[in-house]
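**Q** If it helps, the file is called data.txt and holds compact mmCIF, C-alpha atoms and all ligand atoms:
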```txt
# COMPACT_ATOMS: atom_id res chain seq x y z
CA MET A 1 231.37 147.11 18.41
CA GLU A 2 228.45 144.77 17.69
CA SER A 3 225.91 147.21 16.42
CA VAL A 4 226.03 150.96 16.15
CA LYS A 5 223.42 152.86 18.19
CA ILE A 6 222.12 155.95 16.45
CA GLY A 7 220.04 158.92 17.61
CA SER A 8 218.35 160.95 14.89
CA VAL A 9 217.01 164.52 15.07
CA GLY A 10 214.25 165.87 12.80
CA LEU A 11 211.27 163.83 11.62
CA GLY A 12 210.13 165.92 8.66
CA ARG A 13 210.24 165.06 4.95
CA LEU A 14 213.73 163.58 4.96
CA GLY A 15 214.14 162.92 8.70
CA TYR A 16 211.33 160.38 8.60
CA GLU A 17 212.91 158.67 5.58
CA HIS A 18 216.30 158.43 7.30
CA ALA A 19 214.64 157.19 10.51
CA LYS A 20 212.81 154.43 8.61
CA ASN A 21 216.06 153.38 6.94
CA LEU A 22 218.02 153.42 10.20
CA ALA A 23 215.32 151.46 12.02
CA ALA A 24 214.94 148.67 9.49
CA SER A 25 217.31 148.68 6.55
CA ILE A 26 220.89 149.28 7.71
CA PRO A 27 222.58 146.06 8.86
CA GLY A 28 224.60 146.57 12.04
CA CYS A 29 222.65 149.65 13.07
CA VAL A 30 220.01 150.21 15.76
CA LEU A 31 217.87 153.36 15.82
CA HIS A 32 218.11 153.82 19.58
CA ALA A 33 216.61 157.34 19.93
CA ILE A 34 214.80 160.06 18.01
CA CYS A 35 214.39 163.75 18.78
CA ASN A 36 211.79 166.20 17.56
CA VAL A 37 210.14 169.33 18.91
CA ASP A 38 206.70 168.16 17.84
CA THR A 39 205.76 165.63 20.55
CA SER A 40 202.81 164.04 18.76
CA ARG A 41 204.99 163.38 15.70
CA LEU A 42 207.73 162.07 17.99
CA ARG A 43 205.40 159.60 19.70
CA ALA A 44 203.80 158.44 16.45
CA VAL A 45 207.13 157.74 14.73
CA ALA A 46 208.61 156.05 17.83
CA GLU A 47 205.61 153.74 17.99
CA GLU A 48 205.59 153.01 14.26
CA LEU A 49 209.33 152.27 14.07
CA GLY A 50 209.74 150.74 17.54
CA VAL A 51 212.30 153.32 18.71
CA PRO A 52 212.86 152.89 22.49
CA HIS A 53 213.97 156.42 23.46
CA THR A 54 212.45 159.78 22.56
CA TYR A 55 213.62 163.32 23.26
CA THR A 56 212.35 166.82 22.63
CA ASP A 57 215.68 168.29 23.73
CA PHE A 58 218.63 167.62 21.41
CA ALA A 59 221.35 168.05 24.07
CA ALA A 60 219.53 165.58 26.33
CA MET A 61 219.57 162.98 23.53
CA CYS A 62 223.30 163.57 22.95
CA ALA A 63 223.93 162.98 26.67
CA ASP A 64 222.64 159.39 26.35
CA PRO A 65 225.82 157.33 27.01
CA GLU A 66 224.55 154.40 24.95
CA LEU A 67 224.51 156.37 21.70
CA ASP A 68 227.44 156.09 19.28
CA GLY A 69 226.33 158.46 16.55
CA ILE A 70 223.90 161.26 15.77
CA VAL A 71 222.09 161.83 12.47
CA ILE A 72 221.09 165.49 11.97
CA VAL A 73 218.08 166.07 9.72
CA SER A 74 216.79 169.24 11.36
CA PRO A 75 216.26 172.62 9.65
CA SER A 76 219.52 173.81 8.08
CA PHE A 77 220.06 176.80 10.40
CA LEU A 78 220.38 174.35 13.35
CA HIS A 79 223.03 172.09 11.79
CA VAL A 80 226.22 173.67 13.10
CA GLU A 81 224.89 174.25 16.62
CA GLN A 82 223.83 170.58 16.74
CA ILE A 83 227.12 169.29 15.26
CA LYS A 84 228.89 171.12 18.10
CA ILE A 85 226.64 169.71 20.83
CA ALA A 86 226.88 166.16 19.45
CA MET A 87 230.66 166.14 19.04
CA GLU A 88 231.21 167.73 22.44
CA HIS A 89 229.26 164.75 23.82
CA GLY A 90 231.67 162.43 21.99
CA LYS A 91 229.23 161.35 19.26
CA HIS A 92 230.01 160.61 15.61
CA VAL A 93 227.95 162.86 13.32
CA PHE A 94 226.14 162.53 10.03
CA CYS A 95 224.72 165.91 9.02
CA GLU A 96 222.37 166.70 6.17
CA LYS A 97 223.29 169.35 3.63
CA PRO A 98 223.90 172.26 3.69
CA LEU A 99 226.64 172.31 6.31
CA GLY A 100 225.56 175.76 7.54
CA THR A 101 223.48 178.68 6.41
CA ASN A 102 226.45 181.07 6.22
CA VAL A 103 230.22 180.80 5.83
CA ALA A 104 230.93 181.81 9.43
CA GLN A 105 228.85 178.85 10.62
CA CYS A 106 230.74 176.50 8.29
CA LYS A 107 234.09 177.73 9.65
CA GLU A 108 232.77 177.07 13.15
CA ALA A 109 231.86 173.52 12.10
CA GLU A 110 235.38 173.03 10.72
CA LYS A 111 236.86 173.96 14.12
CA VAL A 112 234.58 171.52 15.94
CA VAL A 113 235.41 168.66 13.55
CA GLU A 114 239.13 169.47 13.76
CA ALA A 115 238.92 169.35 17.57
CA HIS A 116 237.52 165.79 17.38
CA PRO A 117 239.66 163.83 14.89
CA GLU A 118 238.62 160.59 16.60
CA LEU A 119 234.98 161.12 15.57
CA VAL A 120 233.47 160.38 12.17
CA PHE A 121 231.93 163.37 10.40
CA GLN A 122 229.92 162.79 7.21
CA LEU A 123 227.83 165.19 5.11
CA GLY A 124 224.61 164.35 3.28
CA PHE A 125 225.78 164.77 -0.33
CA MET A 126 223.98 161.53 -1.16
CA ARG A 127 224.26 161.80 -4.94
CA ARG A 128 227.85 160.60 -4.53
CA PHE A 129 226.38 157.30 -3.21
CA ASP A 130 223.94 156.80 -6.09
CA PRO A 131 225.17 153.86 -8.23
CA SER A 132 225.07 155.85 -11.51
CA TYR A 133 226.93 158.85 -10.06
CA ALA A 134 229.47 156.58 -8.34
CA GLU A 135 230.04 154.75 -11.65
CA ALA A 136 230.48 158.07 -13.48
CA LYS A 137 233.04 159.15 -10.89
CA ARG A 138 234.92 155.85 -11.25
CA ARG A 139 235.11 156.35 -15.03
CA VAL A 140 236.19 159.99 -14.70
CA ASP A 141 238.93 159.03 -12.21
CA ALA A 142 240.06 156.21 -14.54
CA GLY A 143 240.58 158.83 -17.27
CA GLU A 144 237.96 157.31 -19.59
CA ILE A 145 236.67 160.68 -20.83
CA GLY A 146 239.99 162.49 -20.67
CA LYS A 147 240.14 165.86 -18.96
CA VAL A 148 236.79 167.11 -17.60
CA VAL A 149 235.86 170.30 -19.43
CA LEU A 150 232.25 170.89 -18.36
CA VAL A 151 229.71 169.62 -15.81
CA ARG A 152 226.10 170.51 -16.58
CA SER A 153 223.68 169.67 -13.78
CA CYS A 154 219.98 170.25 -13.31
CA THR A 155 217.78 169.66 -10.26
CA GLN A 156 214.00 169.85 -10.54
CA ASP A 157 211.61 168.97 -7.74
CA PRO A 158 208.15 167.80 -8.80
CA ARG A 159 205.12 170.09 -8.86
CA SER A 160 203.15 167.32 -7.11
CA THR A 161 205.09 167.94 -3.85
CA ILE A 162 204.96 171.75 -4.05
CA GLU A 163 202.81 172.12 -0.90
CA SER A 164 205.39 170.51 1.38
CA THR A 165 208.16 172.35 -0.48
CA LEU A 166 206.49 175.74 0.16
CA LYS A 167 206.17 174.92 3.89
CA PHE A 168 209.89 174.09 3.97
CA LEU A 169 211.00 177.23 2.05
CA PRO A 170 211.20 179.78 4.92
CA HIS A 171 213.89 177.74 6.68
CA SER A 172 215.52 176.29 3.53
CA GLY A 173 218.28 178.91 3.25
CA GLY A 174 217.12 179.76 -0.29
CA GLN A 175 217.24 177.91 -3.58
CA PHE A 176 221.00 178.21 -4.18
CA LEU A 177 221.85 176.92 -0.72
CA ASP A 178 219.08 174.35 -0.57
CA MET A 179 218.98 172.81 -4.06
CA CYS A 180 222.02 174.03 -6.01
CA VAL A 181 224.46 172.80 -3.34
CA HIS A 182 224.01 169.30 -4.78
CA ASP A 183 224.98 170.46 -8.28
CA LEU A 184 227.85 172.58 -6.97
CA ASP A 185 229.11 169.55 -5.04
CA LEU A 186 228.98 167.48 -8.25
CA ILE A 187 230.86 170.15 -10.20
CA ARG A 188 233.69 170.15 -7.62
CA TRP A 189 233.63 166.34 -7.33
CA PHE A 190 233.78 165.57 -11.06
CA THR A 191 236.21 168.35 -12.01
CA GLY A 192 238.41 167.69 -8.96
CA SER A 193 238.71 171.44 -8.59
CA ASN A 194 237.47 174.23 -6.38
CA ILE A 195 235.17 176.86 -7.85
CA ARG A 196 236.80 180.20 -8.67
CA ASN A 197 234.00 182.39 -10.11
CA VAL A 198 230.20 182.24 -10.21
CA TRP A 199 227.58 184.14 -12.18
CA ALA A 200 224.00 183.41 -11.17
CA ILE A 201 220.67 184.49 -12.59
CA GLY A 202 217.11 183.55 -11.78
CA GLY A 203 213.74 184.90 -10.81
CA VAL A 204 210.31 184.40 -9.36
CA PHE A 205 208.14 182.99 -12.11
CA GLU A 206 205.29 181.62 -10.02
CA PHE A 207 205.44 181.76 -6.21
CA ASP A 208 205.09 185.15 -4.44
CA LEU A 209 206.40 183.50 -1.27
CA CYS A 210 209.81 183.24 -2.97
CA ARG A 211 209.74 187.00 -3.64
CA GLU A 212 208.85 187.67 0.02
CA LEU A 213 211.80 185.50 1.05
CA HIS A 214 214.14 187.33 -1.44
CA ASP A 215 214.53 183.95 -3.10
CA THR A 216 214.05 182.52 -6.60
CA ASP A 217 211.78 179.73 -7.78
CA ASN A 218 213.90 179.16 -10.89
CA ALA A 219 217.65 179.64 -10.66
CA ALA A 220 220.63 179.10 -12.93
CA ALA A 221 224.36 179.68 -12.63
CA MET A 222 227.52 179.41 -14.62
CA VAL A 223 230.71 178.64 -12.74
CA GLN A 224 234.40 178.56 -13.55
CA CYS A 225 236.67 176.22 -11.62
CA GLU A 226 240.22 176.94 -10.51
CA ASN A 227 241.52 174.42 -13.07
CA GLY A 228 239.57 176.14 -15.86
CA ALA A 229 236.74 173.58 -16.10
CA MET A 230 233.23 175.00 -16.48
CA GLY A 231 229.88 174.27 -14.86
CA PHE A 232 226.24 175.10 -15.62
CA LEU A 233 223.45 174.47 -13.18
CA PHE A 234 219.69 174.95 -13.15
CA ALA A 235 217.12 174.38 -10.40
CA ASN A 236 213.38 174.67 -10.16
CA ARG A 237 210.64 173.33 -7.96
CA THR A 238 207.82 172.46 -10.35
CA HIS A 239 208.85 169.80 -12.84
CA ALA A 240 205.65 168.46 -14.39
CA ALA A 241 206.57 164.78 -14.61
CA GLY A 242 208.24 164.10 -11.24
CA CYS A 243 211.68 164.42 -9.69
CA ASN A 244 214.16 165.22 -12.44
CA VAL A 245 217.91 165.32 -11.90
CA GLU A 246 220.22 165.26 -14.89
CA THR A 247 223.99 165.56 -15.01
CA GLU A 248 226.30 165.61 -18.00
CA ILE A 249 230.07 165.43 -17.69
CA VAL A 250 231.87 166.47 -20.85
CA GLY A 251 235.51 165.45 -21.18
CA THR A 252 238.15 165.92 -23.87
CA HIS A 253 237.65 162.28 -24.95
CA GLY A 254 234.03 161.48 -24.14
CA THR A 255 230.84 162.40 -22.33
CA LEU A 256 228.96 160.76 -19.46
CA ARG A 257 225.25 161.43 -18.96
CA ILE A 258 223.23 160.45 -15.91
CA ALA A 259 219.45 160.27 -16.28
CA PRO A 260 218.92 162.47 -19.33
CA VAL A 261 215.32 161.38 -18.78
CA GLY A 262 214.63 160.87 -15.07
CA ALA A 263 212.76 157.63 -15.68
CA ARG A 264 212.21 155.41 -12.62
CA ASN A 265 212.61 152.18 -14.59
CA LEU A 266 212.75 150.81 -18.13
CA LEU A 267 208.97 150.49 -18.43
CA GLN A 268 207.31 152.25 -21.33
CA VAL A 269 203.62 153.05 -20.82
CA VAL A 270 201.57 153.26 -23.99
CA ASP A 271 198.01 154.60 -23.78
CA GLU A 272 195.65 157.09 -25.42
CA HIS A 273 198.16 159.92 -24.66
CA GLY A 274 201.00 158.21 -26.48
CA ALA A 275 204.09 156.40 -25.21
CA ARG A 276 205.93 157.55 -22.07
CA GLN A 277 208.29 156.59 -19.29
CA GLU A 278 207.31 157.43 -15.71
CA TYR A 279 209.54 159.58 -13.52
CA TYR A 280 210.38 159.05 -9.86
CA PRO A 281 207.50 160.82 -8.07
CA ASP A 282 209.68 162.56 -5.46
CA PHE A 283 213.26 162.97 -4.24
CA MET A 284 212.80 160.22 -1.62
CA SER A 285 212.18 157.55 -4.26
CA ARG A 286 214.81 158.92 -6.70
CA TRP A 287 217.54 158.77 -4.06
CA HIS A 288 216.32 155.80 -1.99
CA THR A 289 219.36 153.64 -2.81
CA ALA A 290 221.74 156.55 -2.20
CA PHE A 291 220.13 157.41 1.16
CA LEU A 292 220.60 153.79 2.25
CA ALA A 293 224.19 153.63 0.98
CA GLU A 294 225.29 156.86 2.68
CA MET A 295 223.83 155.69 6.02
CA GLN A 296 225.47 152.28 5.62
CA ALA A 297 228.78 154.06 4.96
CA PHE A 298 228.33 156.24 8.06
CA THR A 299 227.63 153.32 10.41
CA ASP A 300 230.45 151.27 8.81
CA HIS A 301 232.87 154.15 9.42
CA ILE A 302 231.84 154.21 13.09
CA ARG A 303 232.26 150.44 13.40
CA THR A 304 235.62 150.30 11.63
CA GLY A 305 237.09 153.55 12.99
CA THR A 306 237.56 154.99 9.48
CA HIS A 307 236.64 158.35 7.95
CA PRO A 308 235.00 159.30 4.63
CA ALA A 309 237.97 159.69 2.29
CA ASP A 310 236.78 162.49 0.03
CA LEU A 311 233.69 163.92 1.70
CA THR A 312 234.88 166.24 4.44
CA VAL A 313 233.67 169.22 6.40
CA TYR A 314 235.83 171.35 4.05
CA ASP A 315 233.74 170.16 1.09
CA GLY A 316 230.70 171.39 3.03
CA THR A 317 232.27 174.83 3.49
CA ALA A 318 233.48 175.11 -0.13
CA VAL A 319 230.08 174.16 -1.53
CA SER A 320 228.16 176.42 0.87
CA GLU A 321 230.50 179.31 0.08
CA ALA A 322 229.94 178.85 -3.67
CA ALA A 323 226.18 178.72 -3.06
CA TYR A 324 226.22 181.97 -1.01
CA ARG A 325 228.23 183.64 -3.76
CA CYS A 326 225.64 182.47 -6.30
CA LYS A 327 222.94 184.13 -4.19
CA GLU A 328 224.97 187.35 -4.01
CA SER A 329 225.67 187.16 -7.74
CA PHE A 330 221.94 186.77 -8.43
CA GLU A 331 221.19 189.77 -6.15
CA THR A 332 223.88 192.05 -7.65
CA GLY A 333 223.83 190.81 -11.25
CA LYS A 334 227.62 190.48 -11.16
CA MET A 335 230.00 187.63 -11.76
CA LEU A 336 231.72 187.10 -8.40
CA PRO A 337 234.94 185.43 -7.32
CA ILE A 338 234.95 182.96 -4.44
CA ARG A 339 236.78 184.75 -1.63
N1 LIG A 401 219.92 165.38 0.83
C1 LIG A 401 218.82 165.87 0.30
O1 LIG A 401 218.55 165.76 -0.89
C2 LIG A 401 217.83 166.56 1.19
C3 LIG A 401 216.48 166.54 0.86
C4 LIG A 401 215.57 167.18 1.73
C5 LIG A 401 216.04 167.82 2.86
N2 LIG A 401 217.38 167.82 3.14
C6 LIG A 401 217.91 168.52 4.33
O2 LIG A 401 217.40 167.87 5.50
C7 LIG A 401 217.09 168.84 6.50
C8 LIG A 401 215.63 168.66 6.91
O3 LIG A 401 214.83 168.87 5.79
P1 LIG A 401 213.31 168.39 5.75
O4 LIG A 401 212.86 168.60 4.38
O5 LIG A 401 213.16 167.05 6.38
O6 LIG A 401 212.68 169.53 6.71
P2 LIG A 401 211.25 169.54 7.43
O7 LIG A 401 210.91 170.96 7.67
O8 LIG A 401 210.29 168.68 6.70
O9 LIG A 401 211.55 168.82 8.83
C9 LIG A 401 212.30 169.40 9.87
C10 LIG A 401 212.03 168.59 11.16
O10 LIG A 401 212.86 169.08 12.22
C11 LIG A 401 212.04 169.26 13.39
N3 LIG A 401 212.67 170.28 14.23
C12 LIG A 401 212.67 171.63 14.05
N4 LIG A 401 213.39 172.23 15.03
C13 LIG A 401 213.85 171.24 15.84
C14 LIG A 401 214.64 171.22 17.02
N5 LIG A 401 215.11 172.34 17.56
N6 LIG A 401 214.91 170.03 17.60
C15 LIG A 401 214.43 168.88 17.06
N7 LIG A 401 213.67 168.84 15.94
C16 LIG A 401 213.38 170.00 15.33
C17 LIG A 401 210.67 169.62 12.84
O11 LIG A 401 209.65 169.38 13.79
C18 LIG A 401 210.59 168.66 11.64
O12 LIG A 401 210.21 167.37 12.06
C19 LIG A 401 217.40 170.20 5.90
O13 LIG A 401 218.66 170.62 6.31
C20 LIG A 401 217.42 169.95 4.39
O14 LIG A 401 218.32 170.80 3.69
C21 LIG A 401 218.27 167.20 2.33
```
Take the structure from the file and write it as structure tokens.
Ligand SMILES: NC(=O)c1ccc[n+]([C@@H]2O[C@H](COP(=O)([O-])OP(=O)(O)OC[C@H]3O[C@@H](n4cnc5c(N)ncnc54)[C@H](O)[C@@H]3O)[C@@H](O)[C@H]2O)c1
**A**
Amino acid sequence: MESVKIGSVGLGRLGYEHAKNLAASIPGCVLHAICNVDTSRLRAVAEELGVPHTYTDFAAMCADPELDGIVIVSPSFLHVEQIKIAMEHGKHVFCEKPLGTNVAQCKEAEKVVEAHPELVFQLGFMRRFDPSYAEAKRRVDAGEIGKVVLVRSCTQDPRSTIESTLKFLPHSGGQFLDMCVHDLDLIRWFTGSNIRNVWAIGGVFEFDLCRELHDTDNAAAMVQCENGAMGFLFANRTHAAGCNVETEIVGTHGTLRIAPVGARNLLQVVDEHGARQEYYPDFMSRWHTAFLAEMQAFTDHIRTGTHPADLTVYDGTAVSEAAYRCKESFETGKMLPIR
């Protein structure tokens, strides 16, 4: 296969970012088609990125015989339905997180992926492709910090992007499923263990919309893994300085910390307010390298007929299930086992 032809669905906050990357920055990949329900957005992006084929109907795009793979960046509740349509049309699939918005959907996705072992399926847990997280994983796997005892992970979106975040909230699946899935994925990845129990707390500290949606705007959880390792996570949507994601992995013989200050570079700015480091302004810039690397991996898998070794549909189900249990734990105030 000379170059991999991709069709991408969803041109919102992240869909546009993925489309730009696929159109110009992934060697061996051609962005052949895009799909979106909003026709003016569809036309504008096709023109800007030089994409030859446009669709408002997802199944019609999947029926294009020239396409090798589909990238799904649509609202989360559509993911499983679209995975099914794409795979039944013989297309490889990259799907953004979360896998589904309930466990039944995730189980359905498992069946579809199992029915198509010849097709690549990759999930959008892009932190695993970030150079610092990948290096931490390499060191953990090499035994450099001994046995992993605790993973502490925090995800804070910037206040400066709150308007687009609030628009996204009604179809986000809620804070545990939308944001905390990344931290739950990291806890499973670094501990090498499934999650056994969760206890989640949180509240609405600022945005009434979150209350209307039975959601939180600040959420925290403590988890216990099957192998006894522990996890703490925290998420909020209004970090003052920019996009802040911190992870600490504590082992019996050492500790690894990623971005204890979410600084975008080593520059120190000194002015009348004092000395400071600037944060990444949004999640797109924080994870730019990781978004590129995960898309490169997806198209390489298609070209070489290989599959992601440790990022499967079952990881998607396990993480989503833990996230749903966090939501139920928050609602009931109880520590809950994973079923
Ligand atoms: N990996 C990450 O860190 C990360 C970050 C942001 C978003 N996401 C995920 O990406 C997905 C999209 O998020 P977003 O922030 O870009 O959302 P968004 O609301 O900004 O964009 C959604 C897009 O899908 C389009 N759309 C809606 N229904 C459609 C349909 N039936 N057919 C075709 N297009 C349709 C909308 O017009 C819009 O362009 C979500 O699942 C979200 O969880 C992941």
**Q** My list of candidates is A:Gln268, A:Thr332, A:Ser193, A:Thr304. Which is closest to Gln224 (chain A) when distances are computed with all atoms listed in the file?
**A**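 So, comparing all the options, the nearest one is A:Ser193.
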**Q** List all protein, DNA and RNA residues that have at least one atom no more than 7 Å from any atom of ligand LIG 401 (chain A), counting only C-alpha atoms and all ligand atoms, and write them as a PyMOL selection string.
**A** chain A and resi 9-15+35-38+56-58+73-76+96-98+124-126+168+172+178+283
**Q** Mind writing the picked residues with C-alpha atoms as a PDB file, in the frame of the given file?
**A**
```pdb
ATOM      1  CA  VAL A   9     217.010 164.520  15.070  1.00  0.00           C
ATOM      2  CA  GLY A  10     214.250 165.870  12.800  1.00  0.00           C
ATOM      3  CA  LEU A  11     211.270 163.830  11.620  1.00  0.00           C
ATOM      4  CA  GLY A  12     210.130 165.920   8.660  1.00  0.00           C
ATOM      5  CA  ARG A  13     210.240 165.060   4.950  1.00  0.00           C
ATOM      6  CA  LEU A  14     213.730 163.580   4.960  1.00  0.00           C
ATOM      7  CA  GLY A  15     214.140 162.920   8.700  1.00  0.00           C
ATOM      8  CA  CYS A  35     214.390 163.750  18.780  1.00  0.00           C
ATOM      9  CA  ASN A  36     211.790 166.200  17.560  1.00  0.00           C
ATOM     10  CA  VAL A  37     210.140 169.330  18.910  1.00  0.00           C
ATOM     11  CA  ASP A  38     206.700 168.160  17.840  1.00  0.00           C
ATOM     12  CA  THR A  56     212.350 166.820  22.630  1.00  0.00           C
ATOM     13  CA  ASP A  57     215.680 168.290  23.730  1.00  0.00           C
ATOM     14  CA  PHE A  58     218.630 167.620  21.410  1.00  0.00           C
ATOM     15  CA  VAL A  73     218.080 166.070   9.720  1.00  0.00           C
ATOM     16  CA  SER A  74     216.790 169.240  11.360  1.00  0.00           C
ATOM     17  CA  PRO A  75     216.260 172.620   9.650  1.00  0.00           C
ATOM     18  CA  SER A  76     219.520 173.810   8.080  1.00  0.00           C
ATOM     19  CA  GLU A  96     222.370 166.700   6.170  1.00  0.00           C
ATOM     20  CA  LYS A  97     223.290 169.350   3.630  1.00  0.00           C
ATOM     21  CA  PRO A  98     223.900 172.260   3.690  1.00  0.00           C
ATOM     22  CA  GLY A 124     224.610 164.350   3.280  1.00  0.00           C
ATOM     23  CA  PHE A 125     225.780 164.770  -0.330  1.00  0.00           C
ATOM     24  CA  MET A 126     223.980 161.530  -1.160  1.00  0.00           C
ATOM     25  CA  PHE A 168     209.890 174.090   3.970  1.00  0.00           C
ATOM     26  CA  SER A 172     215.520 176.290   3.530  1.00  0.00           C
ATOM     27  CA  ASP A 178     219.080 174.350  -0.570  1.00  0.00           C
ATOM     28  CA  PHE A 283     213.260 162.970  -4.240  1.00  0.00           C
TER      29      PHE A 283
END
```
**Q** A:Asp300, A:Glu47, A:Glu226, A:Glu66: which is nearest His89 (chain A), counting all atoms listed in the file?
**A** A:Glu66
**Q** In Å, how far is it from CA of Ala142 (chain A) to CA of Glu294 (chain A)?
**A**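 Straight-line distance from CA of Ala142 (chain A) to CA of Glu294 (chain A) works out to 22.7 Å.
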**Q** Using all atoms listed in the file, find the one residue out of A:Glu81, A:Asp208, A:Glu118, A:Asp130 that sits nearest to Ser285 (chain A).
**A** A:Asp130
**Q** So, counting only C-alpha atoms, which residue among A:Ser25, A:Asn227, A:Gln175, A:Thr238 is closest to Thr161 (chain A)?
**A**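 Residue with the minimum atom-to-atom distance to Thr161 (chain A): A:Thr238.
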**Q** Tell me, in Å to one decimal, how far CA of Leu266 (chain A) is from CA of Phe291 (chain A).
**A**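 So the answer is 21.7 Å.
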**Q** Might you pull out every residue within 10 Å of Ala63 (chain A), with all atoms listed in the file counted and same-chain residues fewer than 5 positions away left off, and present them as a VMD selection string?
**A** chain A and resid 58 85 to 86 88 to 91
**Q** Smallest atom-to-atom distance to Pro260 (chain A): which of A:Glu246, A:Glu278, A:Asp64, A:Glu331, using all atoms listed in the file?
**A**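 When distances to Pro260 (chain A) are compared using all atoms listed in the file, the smallest one comes from A:Glu246.
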**Q** Would you mind telling me which residue in A:Pro337, A:Gly231, A:Gly69, A:Gly203 lies nearest to Arg188 (chain A) when using only C-alpha atoms?
**A**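 With only C-alpha atoms as the atom set, the closest residue is A:Gly231.
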**Q** Just the number, please: distance in Å from CA of His182 (chain A) to CA of Gly7 (chain A), one decimal.
**A**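 Value for the CA of His182 (chain A)-CA of Gly7 (chain A) distance: 25.0 Å.
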**Q** Pick out the residues sitting within 12 Å of region 325-329 of chain A, and hand them over as a VMD selection string; count all atoms listed in the file, and ignore anything fewer than 3 positions along from it in its own chain.
**A** chain A and resid 101 to 103 173 to 181 184 195 to 203 214 to 216 219 to 223 232 to 234 318 to 322 332 to 339
**Q** At a cut-off of 12 Å, using all atoms listed in the file, what residues contact Glu108 (chain A)? Leave out same-chain residues fewer than 6 positions from it and give the result as a count of residues only.
**A** 16
**Q** Which residues come within 7 Å of Phe121 (chain A), counting all atoms listed in the file, excluding same-chain residues fewer than 6 positions away, as a ChimeraX atom specification?
**A** /A:92-94
**Q** Could you save the residues just selected, with C-alpha atoms, as a tab-separated table (two decimals), in the frame of the given file?
**A**
```
chain	number	residue	atom	x	y	z
A	92	HIS	CA	230.01	160.61	15.61
A	93	VAL	CA	227.95	162.86	13.32
A	94	PHE	CA	226.14	162.53	10.03
```
**Q** Could you name the residues that touch His301 (chain A) at 10 Å or less, counting only C-alpha atoms, but leaving out those on the same chain fewer than 5 positions away, as number ranges by chain?
**A** A: 92, 119-122, 295-296, 306-308
**Q** Box for region 89-108 of chain A - axis-aligned, 3 Å on each of the six sides, all listed atoms - centre and size in Å to one decimal, as AutoDock Vina command-line options.
**A**
```
--center_x 228.2 --center_y 171.2 --center_z 13.7 --size_x 17.7 --size_y 27.2 --size_z 26.2
```
